[in-house]
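**Q** Structure file data32.tsv (TSV, C-alpha atoms and all ligand atoms) right here:
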```tsv
chain	number	residue	atom	x	y	z
A	412	MET	CA	107.03	69.88	101.94
A	413	ARG	CA	107.12	70.02	105.72
A	414	ASN	CA	104.25	68.87	107.83
A	415	ARG	CA	102.29	71.65	109.64
A	416	THR	CA	103.05	70.08	113.03
A	417	ASP	CA	106.77	69.65	112.45
A	418	PRO	CA	108.37	71.76	115.23
A	419	ALA	CA	111.05	72.93	112.78
A	420	HIS	CA	108.26	74.44	110.71
A	421	LEU	CA	106.79	76.32	113.65
A	422	SER	CA	109.44	79.01	113.75
A	423	LEU	CA	109.26	79.81	110.02
A	424	VAL	CA	107.69	83.22	110.56
A	425	ASP	CA	110.35	84.14	113.04
A	426	ASP	CA	113.12	82.86	110.78
A	427	TYR	CA	111.72	84.79	107.85
A	428	ARG	CA	111.72	87.99	109.90
A	429	ARG	CA	115.38	87.32	110.68
A	430	GLY	CA	116.18	86.58	107.03
A	431	ASP	CA	117.08	82.95	107.65
A	432	ASP	CA	119.14	81.56	104.77
A	433	ARG	CA	118.10	77.93	104.94
A	434	PHE	CA	116.32	78.11	101.58
A	435	MET	CA	119.37	79.02	99.49
A	436	ARG	CA	122.38	77.22	98.05
A	437	SER	CA	125.43	77.96	100.16
A	438	ASP	CA	127.11	80.03	97.40
A	439	GLN	CA	124.06	82.31	97.20
A	440	ARG	CA	123.67	82.96	100.91
A	441	ALA	CA	126.17	85.70	101.50
A	442	ARG	CA	125.22	87.55	98.32
A	443	THR	CA	121.44	87.42	98.41
A	444	PRO	CA	119.66	88.36	101.61
A	445	MET	CA	115.88	88.15	101.27
A	446	PHE	CA	115.46	91.73	102.56
A	447	VAL	CA	117.72	94.71	103.15
A	448	ASP	CA	116.99	96.99	106.10
A	449	GLU	CA	116.91	100.55	104.74
A	450	ALA	CA	116.48	102.72	107.83
A	451	GLU	CA	113.94	105.30	106.62
A	452	THR	CA	112.35	103.12	103.94
A	453	GLY	CA	111.79	99.70	105.46
A	454	LEU	CA	112.76	96.07	105.05
A	455	VAL	CA	113.11	96.11	101.29
A	456	LEU	CA	112.93	93.01	99.11
A	457	SER	CA	116.31	92.13	97.62
A	458	GLY	CA	116.15	88.37	96.98
A	459	LEU	CA	113.11	87.72	94.86
A	460	ARG	CA	113.78	84.02	94.19
A	461	ARG	CA	114.40	83.40	97.81
A	462	TYR	CA	111.18	85.18	98.80
A	463	ASN	CA	109.18	83.15	96.27
A	464	LEU	CA	110.66	79.98	97.72
A	465	PHE	CA	109.79	81.12	101.22
A	466	THR	CA	106.15	81.83	100.33
A	467	THR	CA	105.81	78.43	98.64
A	468	VAL	CA	106.84	76.78	101.90
A	469	PHE	CA	104.91	79.13	104.19
A	470	PHE	CA	101.63	78.77	102.28
A	471	LEU	CA	102.18	75.04	101.80
A	472	GLY	CA	102.02	75.43	98.02
A	473	ARG	CA	98.55	77.04	98.14
A	474	GLN	CA	99.37	80.72	97.66
A	475	SER	CA	97.23	80.97	94.53
A	476	LEU	CA	94.15	80.14	96.63
A	477	LEU	CA	95.05	82.90	99.07
A	478	LEU	CA	95.55	85.39	96.23
A	479	ARG	CA	92.08	84.55	94.94
A	480	GLU	CA	90.62	85.01	98.41
A	481	LEU	CA	92.38	88.38	98.83
A	482	ALA	CA	90.94	89.59	95.53
A	483	ASP	CA	87.46	88.31	96.49
A	484	ARG	CA	87.56	90.00	99.90
A	485	SER	CA	88.86	93.26	98.45
A	486	GLY	CA	85.56	93.50	96.58
A	487	VAL	CA	87.34	94.61	93.39
A	488	ARG	CA	85.08	94.72	90.33
A	489	PRO	CA	85.51	94.95	86.55
A	490	GLY	CA	86.36	98.45	85.37
A	491	GLN	CA	87.82	99.56	88.72
A	492	ASP	CA	91.27	100.93	89.59
A	493	ALA	CA	93.23	98.77	92.03
A	494	LEU	CA	96.49	99.48	93.84
A	495	ASP	CA	98.72	96.95	95.63
A	496	ILE	CA	101.22	98.57	98.00
A	497	GLY	CA	104.45	96.68	98.66
A	498	CYS	CA	103.68	94.44	95.70
A	499	GLY	CA	106.97	92.47	95.83
A	500	PRO	CA	106.84	89.80	93.10
A	501	GLY	CA	103.57	91.32	91.80
A	502	LYS	CA	101.38	88.22	92.03
A	503	LEU	CA	98.44	90.05	93.61
A	504	VAL	CA	98.71	92.89	91.07
A	505	ARG	CA	98.22	90.38	88.27
A	506	VAL	CA	95.26	88.72	90.01
A	507	LEU	CA	93.66	92.14	90.61
A	508	GLY	CA	94.42	93.01	86.98
A	509	ARG	CA	92.47	89.99	85.78
A	510	ARG	CA	89.52	91.00	87.99
A	511	VAL	CA	89.35	94.62	86.80
A	512	GLY	CA	89.72	93.54	83.15
A	513	GLN	CA	90.41	95.75	80.16
A	514	GLY	CA	88.24	98.59	81.46
A	515	GLY	CA	90.17	98.95	84.72
A	516	THR	CA	93.75	99.31	85.93
A	517	ALA	CA	96.01	97.49	88.38
A	518	THR	CA	99.09	99.21	89.82
A	519	GLY	CA	101.83	97.86	92.06
A	520	VAL	CA	104.23	99.97	94.11
A	521	ASP	CA	107.32	98.86	95.98
A	522	PRO	CA	110.57	100.57	97.03
A	523	SER	CA	112.55	97.55	95.77
A	524	ASP	CA	114.38	98.22	92.50
A	525	GLU	CA	114.66	94.48	91.96
A	526	ALA	CA	110.91	93.88	92.40
A	527	ILE	CA	109.92	96.76	90.12
A	528	ALA	CA	112.40	95.73	87.40
A	529	HIS	CA	111.23	92.11	87.60
A	530	ASN	CA	107.55	93.06	87.35
A	531	ARG	CA	108.09	95.46	84.45
A	532	ARG	CA	110.06	92.78	82.59
A	533	ARG	CA	107.45	90.07	82.93
A	534	ASP	CA	104.24	92.10	82.81
A	535	SER	CA	103.70	95.02	80.46
A	536	ARG	CA	99.93	95.13	81.00
A	537	HIS	CA	100.03	96.60	84.51
A	538	ARG	CA	101.80	99.59	86.01
A	539	TYR	CA	104.67	99.18	88.49
A	540	ILE	CA	106.03	102.20	90.34
A	541	ARG	CA	108.98	102.54	92.70
A	542	SER	CA	107.59	104.23	95.81
A	543	THR	CA	107.20	103.79	99.55
A	544	ALA	CA	103.84	103.40	101.28
A	545	GLN	CA	104.53	106.38	103.55
A	546	GLU	CA	105.10	108.76	100.60
A	547	LEU	CA	103.05	107.37	97.75
A	548	ALA	CA	103.97	108.91	94.41
A	549	LEU	CA	100.32	108.78	93.34
A	550	PRO	CA	97.46	111.30	93.07
A	551	ASP	CA	94.59	111.78	95.54
A	552	ALA	CA	91.39	109.75	95.22
A	553	ALA	CA	92.64	107.64	92.30
A	554	PHE	CA	91.80	104.06	93.39
A	555	ASP	CA	88.68	102.04	94.20
A	556	VAL	CA	90.66	99.37	96.05
A	557	VAL	CA	93.96	99.47	97.93
A	558	THR	CA	95.58	96.25	99.11
A	559	CYS	CA	98.68	95.94	101.27
A	560	THR	CA	99.64	92.37	102.08
A	561	PHE	CA	102.49	91.22	104.35
A	562	VAL	CA	103.94	94.73	104.21
A	563	MET	CA	102.96	96.79	107.28
A	564	HIS	CA	105.58	95.14	109.51
A	565	HIS	CA	108.22	95.97	106.86
A	566	ILE	CA	107.57	99.71	107.19
A	567	PRO	CA	109.50	101.45	110.00
A	568	GLU	CA	107.17	101.75	113.00
A	569	GLN	CA	107.34	105.57	113.00
A	570	HIS	CA	106.06	105.71	109.38
A	571	ARG	CA	103.17	103.27	109.63
A	572	GLY	CA	100.61	105.93	110.55
A	573	ALA	CA	101.72	107.99	107.54
A	574	ALA	CA	101.42	104.90	105.32
A	575	LEU	CA	97.80	104.34	106.42
A	576	ALA	CA	97.03	108.05	105.88
A	577	GLU	CA	98.45	107.75	102.36
A	578	MET	CA	96.15	104.79	101.67
A	579	TRP	CA	93.21	106.96	102.76
A	580	ARG	CA	94.42	109.81	100.53
A	581	VAL	CA	94.74	107.77	97.32
A	582	LEU	CA	91.41	105.97	97.80
A	583	LYS	CA	88.29	107.36	96.15
A	584	PRO	CA	85.40	108.03	98.54
A	585	GLY	CA	83.56	104.71	98.76
A	586	GLY	CA	86.86	102.87	98.12
A	587	ARG	CA	87.99	99.85	100.09
A	588	ILE	CA	91.21	99.01	101.91
A	589	LEU	CA	92.51	95.50	102.62
A	590	LEU	CA	95.46	94.96	104.98
A	591	ALA	CA	96.69	91.39	105.34
A	592	ASP	CA	99.45	89.69	107.26
A	593	ALA	CA	100.41	86.34	108.75
A	594	TYR	CA	98.00	84.92	111.31
A	595	LEU	CA	98.79	81.94	113.43
A	596	SER	CA	96.40	80.00	115.63
A	597	GLU	CA	96.80	80.06	119.43
A	598	ARG	CA	98.11	76.49	119.31
A	599	PHE	CA	100.68	77.47	116.71
A	600	ARG	CA	101.72	80.53	118.75
A	601	ARG	CA	102.25	78.44	121.88
A	602	ALA	CA	104.26	75.84	119.97
A	603	SER	CA	106.31	78.61	118.33
A	604	ALA	CA	107.12	80.14	121.74
A	605	MET	CA	108.20	76.71	122.96
A	606	THR	CA	110.44	76.20	119.90
A	607	GLN	CA	112.01	79.60	120.52
A	608	ARG	CA	112.75	78.65	124.12
A	609	LEU	CA	114.28	75.35	122.98
A	610	ARG	CA	116.44	77.24	120.48
A	611	ARG	CA	117.41	79.65	123.28
A	612	ARG	CA	116.11	82.64	121.39
A	613	LYS	CA	114.77	85.73	123.10
A	614	PRO	CA	111.22	84.99	124.31
A	615	GLY	CA	108.46	86.89	122.59
A	616	ASP	CA	105.48	86.42	120.34
A	617	PRO	CA	106.55	86.78	116.68
A	618	ALA	CA	102.88	86.62	115.68
A	619	ALA	CA	101.99	89.77	117.65
A	620	ALA	CA	104.21	91.94	115.43
A	621	VAL	CA	102.28	90.89	112.33
A	622	ASP	CA	98.77	91.04	113.80
A	623	VAL	CA	96.77	93.36	111.53
A	624	ARG	CA	94.34	94.21	114.34
A	625	ARG	CA	96.93	96.63	115.72
A	626	TYR	CA	95.98	99.04	112.87
A	627	ALA	CA	92.23	99.06	113.52
A	628	ALA	CA	92.28	102.12	115.81
A	629	THR	CA	94.31	104.20	113.32
A	630	LEU	CA	91.97	103.27	110.48
A	631	ARG	CA	88.99	104.44	112.57
A	632	GLU	CA	90.79	107.69	113.46
A	633	LEU	CA	91.42	108.34	109.77
A	634	GLY	CA	87.69	108.07	109.13
A	635	PHE	CA	87.37	104.57	107.71
A	636	THR	CA	84.27	102.53	108.57
A	637	ALA	CA	84.66	100.06	111.46
A	638	PRO	CA	87.36	97.63	110.27
A	639	GLU	CA	86.27	94.04	109.78
A	640	PHE	CA	88.75	91.35	110.88
A	641	VAL	CA	88.78	88.15	108.84
A	642	ALA	CA	90.99	85.12	109.54
A	643	SER	CA	91.61	83.13	106.38
A	644	GLY	CA	92.47	79.44	106.22
A	645	HIS	CA	95.86	80.26	104.73
A	646	ARG	CA	97.77	81.44	107.83
A	647	THR	CA	96.64	84.94	106.97
A	648	ALA	CA	94.31	87.50	108.49
A	649	MET	CA	92.83	90.61	106.93
A	650	LEU	CA	91.49	93.93	108.06
A	651	LEU	CA	88.91	95.41	105.69
A	652	ALA	CA	87.43	98.89	105.79
A	653	THR	CA	85.77	101.45	103.52
A	654	LYS	CA	86.45	105.14	103.02
A	655	PRO	CA	82.89	106.47	103.32
A	656	ALA	CA	81.34	108.02	100.23
A	657	GLY	CA	81.65	111.81	100.59
A	658	ALA	CA	84.47	111.36	103.11
A	659	PHE	CA	86.36	114.41	104.28
A	660	GLU	CA	90.14	114.44	104.49
A	661	PRO	CA	91.55	113.75	107.98
A	662	GLY	CA	91.88	116.94	110.00
A	663	GLN	CA	89.26	118.78	107.95
A	664	VAL	CA	86.48	120.25	110.09
A	665	ARG	CA	82.93	119.30	109.23
A	666	ALA	CA	80.10	121.76	109.73
A	667	ASP	CA	77.84	118.99	110.99
A	668	PRO	CA	79.94	116.12	112.31
A	669	PRO	CA	77.86	112.93	112.29
A	670	ARG	CA	77.13	111.76	115.83
A	671	GLY	CA	79.14	108.82	117.12
A	672	GLU	CA	81.27	108.64	113.98
A	673	HIS	CA	84.32	107.24	115.77
A	674	SER	CA	82.48	105.44	118.51
A	675	GLN	CA	82.41	101.98	116.86
B	1	LIG	C1	106.93	90.35	102.66
B	1	LIG	S1	107.03	91.26	101.18
B	1	LIG	C2	105.33	91.19	100.64
B	1	LIG	C3	105.23	91.19	99.15
B	1	LIG	C4	103.80	90.98	98.60
B	1	LIG	N1	102.91	92.03	99.02
B	1	LIG	C5	103.25	89.65	99.01
B	1	LIG	O1	102.14	89.60	99.60
B	1	LIG	O2	103.91	88.64	98.76
B	1	LIG	C6	107.12	92.91	101.78
B	1	LIG	C7	107.27	93.92	100.66
B	1	LIG	O3	107.18	95.22	101.23
B	1	LIG	C8	108.11	96.04	100.57
B	1	LIG	N2	108.36	97.22	101.41
B	1	LIG	C9	109.33	97.42	102.33
B	1	LIG	N3	109.25	98.65	102.86
B	1	LIG	C10	108.21	99.25	102.24
B	1	LIG	C11	107.64	100.55	102.33
B	1	LIG	N4	108.12	101.47	103.17
B	1	LIG	N5	106.61	100.84	101.53
B	1	LIG	C12	106.11	99.92	100.66
B	1	LIG	N6	106.60	98.68	100.55
B	1	LIG	C13	107.64	98.34	101.32
B	1	LIG	C14	109.30	95.14	100.35
B	1	LIG	O4	110.19	95.63	99.37
B	1	LIG	C15	108.60	93.85	99.96
B	1	LIG	O5	108.39	93.76	98.58
```
If you convert what's in this file into structure tokens, what do you get?

**A**
Amino acid sequence: MRNRTDPAHLSLVDDYRRGDDRFMRSDQRARTPMFVDEAETGLVLSGLRRYNLFTTVFFLGRQSLLLRELADRSGVRPGQDALDIGCGPGKLVRVLGRRVGQGGTATGVDPSDEAIAHNRRRDSRHRYIRSTAQELALPDAAFDVVTCTFVMHHIPEQHRGAALAEMWRVLKPGGRILLADAYLSERFRRASAMTQRLRRRKPGDPAAAVDVRRYAATLRELGFTAPEFVASGHRTAMLLATKPAGAFEPGQVRADPPRGEHSQ
């Protein structure tokens, strides 16, 4: 396991976004990219083993603690219906499934055939559906909790607003949304920028592209409560918000709009 301060480790996020092949045997590299860029769909998972290896390194072997924290923060309770969008290997679906218990349901969606086939093979208790976030093949107001972790930056920029609107649509009034993505400390960001310069890569802040705070304004516009930003100890940050009980659909006109609804 690499040390946190090892400069080679600092550009992991950037390498992952480029689909770096350092984690694979040489004979697997050409055949198994971690993600395939499908123009209108997104960066779709295609190398499940490779992704699992990547997350083991990125989370320093402590991903199970993060999964527990995500489930805690989502507020999911026994008997509820939970949805994980962009579920990939399905680990969070299974954690949510344990939390909701027999009386509830846990569903995972992902556009990746490989991810859906893998999850259906290894887990018959939960539901896995092939779908994109921007056009969810799911009914209105069906879920108490919607999670979407390390996915938003995989969705083409022009479809991200639609994806958030879909999350609003499938949530029950009173339901909760949790968006999560990588979060790196200022020190880490500075060191990463320096490593990029040393490697003569284009300057830029790879962490900015995955900062979940960029979705806060859209969530407010959709009608969610003021999003709460939480930085976790596992190189991850979350944005949490609630669809108010009795919420109207976006664009619907209210007879008596509450004062200052979007002013937070
Ligand atoms: C980095 S992986 C995250 C997987 C999992 N949520 C996790 O936390 O490990 C990103 C996932 O988003 C999926 N994805 C890509 N485009 C998508 C889209 N338009 N809608 C939903 N999921 C998408 C990929 O197939 C992949 O499984």

**Q** Please identify all protein, DNA and RNA residues within 6 Å of ligand LIG 1 (chain B), counting only C-alpha atoms and all ligand atoms, and report them as a PyMOL selection string.

**A** chain A and resi 452-456+496-499+521-523+543-544+560-562+565-566

**Q** List as a PyMOL selection string the protein and nucleic acid residues near Leu481 (chain A), meaning an atom at most 9 Å away when all atoms listed in the file are counted, but skip any in the same chain fewer than 4 places from it.

**A** chain A and resi 476-477+485-486+503+558+560+589+591+649

**Q** Pick the closest to His529 (chain A) from A:Leu459, A:Leu633, A:Ala628, A:Val447: which is it, counting only C-alpha atoms?

**A** A:Leu459

**Q** For CA of Met563 (chain A) and CA of Leu651 (chain A), quote the distance in Å rounded to one decimal.

**A**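 Going from CA of Met563 (chain A) over to CA of Leu651 (chain A), I get 14.2 Å.
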
**Q** Any idea what the distance is between CA of Phe446 (chain A) and CA of Gly501 (chain A)?

**A**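 Interatomic distance, CA of Phe446 (chain A) to CA of Gly501 (chain A): 16.0 Å.
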
**Q** Can you tell me, as a list in words, what residues are no more than 10 Å from Glu597 (chain A) when counting all atoms listed in the file, ignoring any on the same chain fewer than 5 positions away?

**A**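 Within the cut-off, the hits are Ala602, Ser603 and Ala618 of chain A.
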
**Q** Can you tell me how far CA of Val506 (chain A) sits from CA of Asp534 (chain A), in Å to one decimal?

**A** 12.0 Å

**Q** What would the file be for region 602-637 of chain A if you keep N, CA and C atoms and write it as an mmCIF file, in the first residue's frame?

**A**
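What landed in selection_7.cif:
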```cif
data_model
loop_
_atom_site.group_PDB
_atom_site.id
_atom_site.type_symbol
_atom_site.label_atom_id
_atom_site.label_comp_id
_atom_site.auth_asym_id
_atom_site.auth_seq_id
_atom_site.Cartn_x
_atom_site.Cartn_y
_atom_site.Cartn_z
ATOM 1 N N ALA A 602 -0.101 19.723 -3.767
ATOM 2 C CA ALA A 602 0.915 18.723 -4.092
ATOM 3 C C ALA A 602 0.591 18.055 -5.431
ATOM 4 N N SER A 603 -0.720 17.830 -5.677
ATOM 5 C CA SER A 603 -1.136 17.204 -6.928
ATOM 6 C C SER A 603 -0.804 18.101 -8.115
ATOM 7 N N ALA A 604 -1.047 19.429 -7.937
ATOM 8 C CA ALA A 604 -0.737 20.371 -9.018
ATOM 9 C C ALA A 604 0.759 20.358 -9.302
ATOM 10 N N MET A 605 1.558 20.269 -8.215
ATOM 11 C CA MET A 605 3.008 20.253 -8.396
ATOM 12 C C MET A 605 3.427 18.980 -9.144
ATOM 13 N N THR A 606 2.837 17.840 -8.765
ATOM 14 C CA THR A 606 3.176 16.574 -9.438
ATOM 15 C C THR A 606 2.821 16.656 -10.922
ATOM 16 N N GLN A 607 1.684 17.291 -11.207
ATOM 17 C CA GLN A 607 1.285 17.425 -12.618
ATOM 18 C C GLN A 607 2.302 18.242 -13.382
ATOM 19 N N ARG A 608 2.777 19.333 -12.725
ATOM 20 C CA ARG A 608 3.768 20.177 -13.414
ATOM 21 C C ARG A 608 5.037 19.377 -13.664
ATOM 22 N N LEU A 609 5.452 18.593 -12.636
ATOM 23 C CA LEU A 609 6.679 17.799 -12.783
ATOM 24 C C LEU A 609 6.533 16.774 -13.904
ATOM 25 N N ARG A 610 5.301 16.261 -14.054
ATOM 26 C CA ARG A 610 5.065 15.250 -15.103
ATOM 27 C C ARG A 610 4.710 15.912 -16.430
ATOM 28 N N ARG A 611 4.824 17.222 -16.459
ATOM 29 C CA ARG A 611 4.571 18.032 -17.672
ATOM 30 C C ARG A 611 3.184 17.787 -18.240
ATOM 31 N N ARG A 612 2.216 17.647 -17.330
ATOM 32 C CA ARG A 612 0.840 17.518 -17.774
ATOM 33 C C ARG A 612 0.194 18.889 -17.748
ATOM 34 N N LYS A 613 -0.902 18.998 -18.497
ATOM 35 C CA LYS A 613 -1.596 20.286 -18.558
ATOM 36 C C LYS A 613 -1.962 20.746 -17.150
ATOM 37 N N PRO A 614 -1.663 22.017 -16.776
ATOM 38 C CA PRO A 614 -2.015 22.446 -15.428
ATOM 39 C C PRO A 614 -3.531 22.464 -15.246
ATOM 40 N N GLY A 615 -3.949 22.330 -14.040
ATOM 41 C CA GLY A 615 -5.393 22.327 -13.771
ATOM 42 C C GLY A 615 -5.599 21.702 -12.412
ATOM 43 N N ASP A 616 -6.819 21.777 -11.927
ATOM 44 C CA ASP A 616 -7.120 21.231 -10.618
ATOM 45 C C ASP A 616 -8.058 20.047 -10.802
ATOM 46 N N PRO A 617 -7.532 18.796 -10.792
ATOM 47 C CA PRO A 617 -8.388 17.641 -11.019
ATOM 48 C C PRO A 617 -9.473 17.526 -9.957
ATOM 49 N N ALA A 618 -9.193 18.101 -8.769
ATOM 50 C CA ALA A 618 -10.180 17.979 -7.685
ATOM 51 C C ALA A 618 -11.408 18.849 -7.935
ATOM 52 N N ALA A 619 -11.244 19.947 -8.695
ATOM 53 C CA ALA A 619 -12.381 20.850 -8.921
ATOM 54 C C ALA A 619 -13.487 20.143 -9.706
ATOM 55 N N ALA A 620 -13.108 19.286 -10.632
ATOM 56 C CA ALA A 620 -14.088 18.596 -11.486
ATOM 57 C C ALA A 620 -14.966 17.629 -10.689
ATOM 58 N N VAL A 621 -14.469 17.194 -9.538
ATOM 59 C CA VAL A 621 -15.231 16.218 -8.754
ATOM 60 C C VAL A 621 -15.808 16.834 -7.476
ATOM 61 N N ASP A 622 -15.763 18.150 -7.368
ATOM 62 C CA ASP A 622 -16.254 18.815 -6.160
ATOM 63 C C ASP A 622 -17.790 18.847 -6.172
ATOM 64 N N VAL A 623 -18.411 18.143 -5.243
ATOM 65 C CA VAL A 623 -19.883 18.036 -5.261
ATOM 66 C C VAL A 623 -20.588 19.367 -5.023
ATOM 67 N N ARG A 624 -19.860 20.355 -4.467
ATOM 68 C CA ARG A 624 -20.510 21.645 -4.179
ATOM 69 C C ARG A 624 -20.995 22.337 -5.441
ATOM 70 N N ARG A 625 -20.445 21.930 -6.592
ATOM 71 C CA ARG A 625 -20.881 22.570 -7.846
ATOM 72 C C ARG A 625 -22.350 22.249 -8.181
ATOM 73 N N TYR A 626 -22.960 21.274 -7.484
ATOM 74 C CA TYR A 626 -24.356 20.923 -7.766
ATOM 75 C C TYR A 626 -25.345 21.553 -6.780
ATOM 76 N N ALA A 627 -24.829 22.289 -5.807
ATOM 77 C CA ALA A 627 -25.699 22.830 -4.751
ATOM 78 C C ALA A 627 -26.754 23.776 -5.330
ATOM 79 N N ALA A 628 -26.356 24.653 -6.254
ATOM 80 C CA ALA A 628 -27.309 25.635 -6.795
ATOM 81 C C ALA A 628 -28.435 24.922 -7.550
ATOM 82 N N THR A 629 -28.090 23.913 -8.343
ATOM 83 C CA THR A 629 -29.124 23.185 -9.104
ATOM 84 C C THR A 629 -30.090 22.473 -8.156
ATOM 85 N N LEU A 630 -29.550 21.897 -7.092
ATOM 86 C CA LEU A 630 -30.438 21.214 -6.132
ATOM 87 C C LEU A 630 -31.427 22.206 -5.539
ATOM 88 N N ARG A 631 -30.939 23.403 -5.188
ATOM 89 C CA ARG A 631 -31.834 24.437 -4.633
ATOM 90 C C ARG A 631 -32.886 24.826 -5.659
ATOM 91 N N GLU A 632 -32.453 25.013 -6.911
ATOM 92 C CA GLU A 632 -33.415 25.404 -7.968
ATOM 93 C C GLU A 632 -34.501 24.347 -8.150
ATOM 94 N N LEU A 633 -34.122 23.078 -7.992
ATOM 95 C CA LEU A 633 -35.115 22.008 -8.153
ATOM 96 C C LEU A 633 -36.132 22.009 -7.019
ATOM 97 N N GLY A 634 -35.765 22.613 -5.899
ATOM 98 C CA GLY A 634 -36.700 22.682 -4.769
ATOM 99 C C GLY A 634 -36.230 21.946 -3.536
ATOM 100 N N PHE A 635 -35.038 21.334 -3.613
ATOM 101 C CA PHE A 635 -34.503 20.641 -2.437
ATOM 102 C C PHE A 635 -34.230 21.655 -1.315
ATOM 103 N N THR A 636 -34.197 21.165 -0.079
ATOM 104 C CA THR A 636 -33.786 22.011 1.045
ATOM 105 C C THR A 636 -32.326 22.400 0.853
ATOM 106 N N ALA A 637 -31.870 23.405 1.585
ATOM 107 C CA ALA A 637 -30.480 23.875 1.454
ATOM 108 C C ALA A 637 -29.527 22.694 1.600
#
```
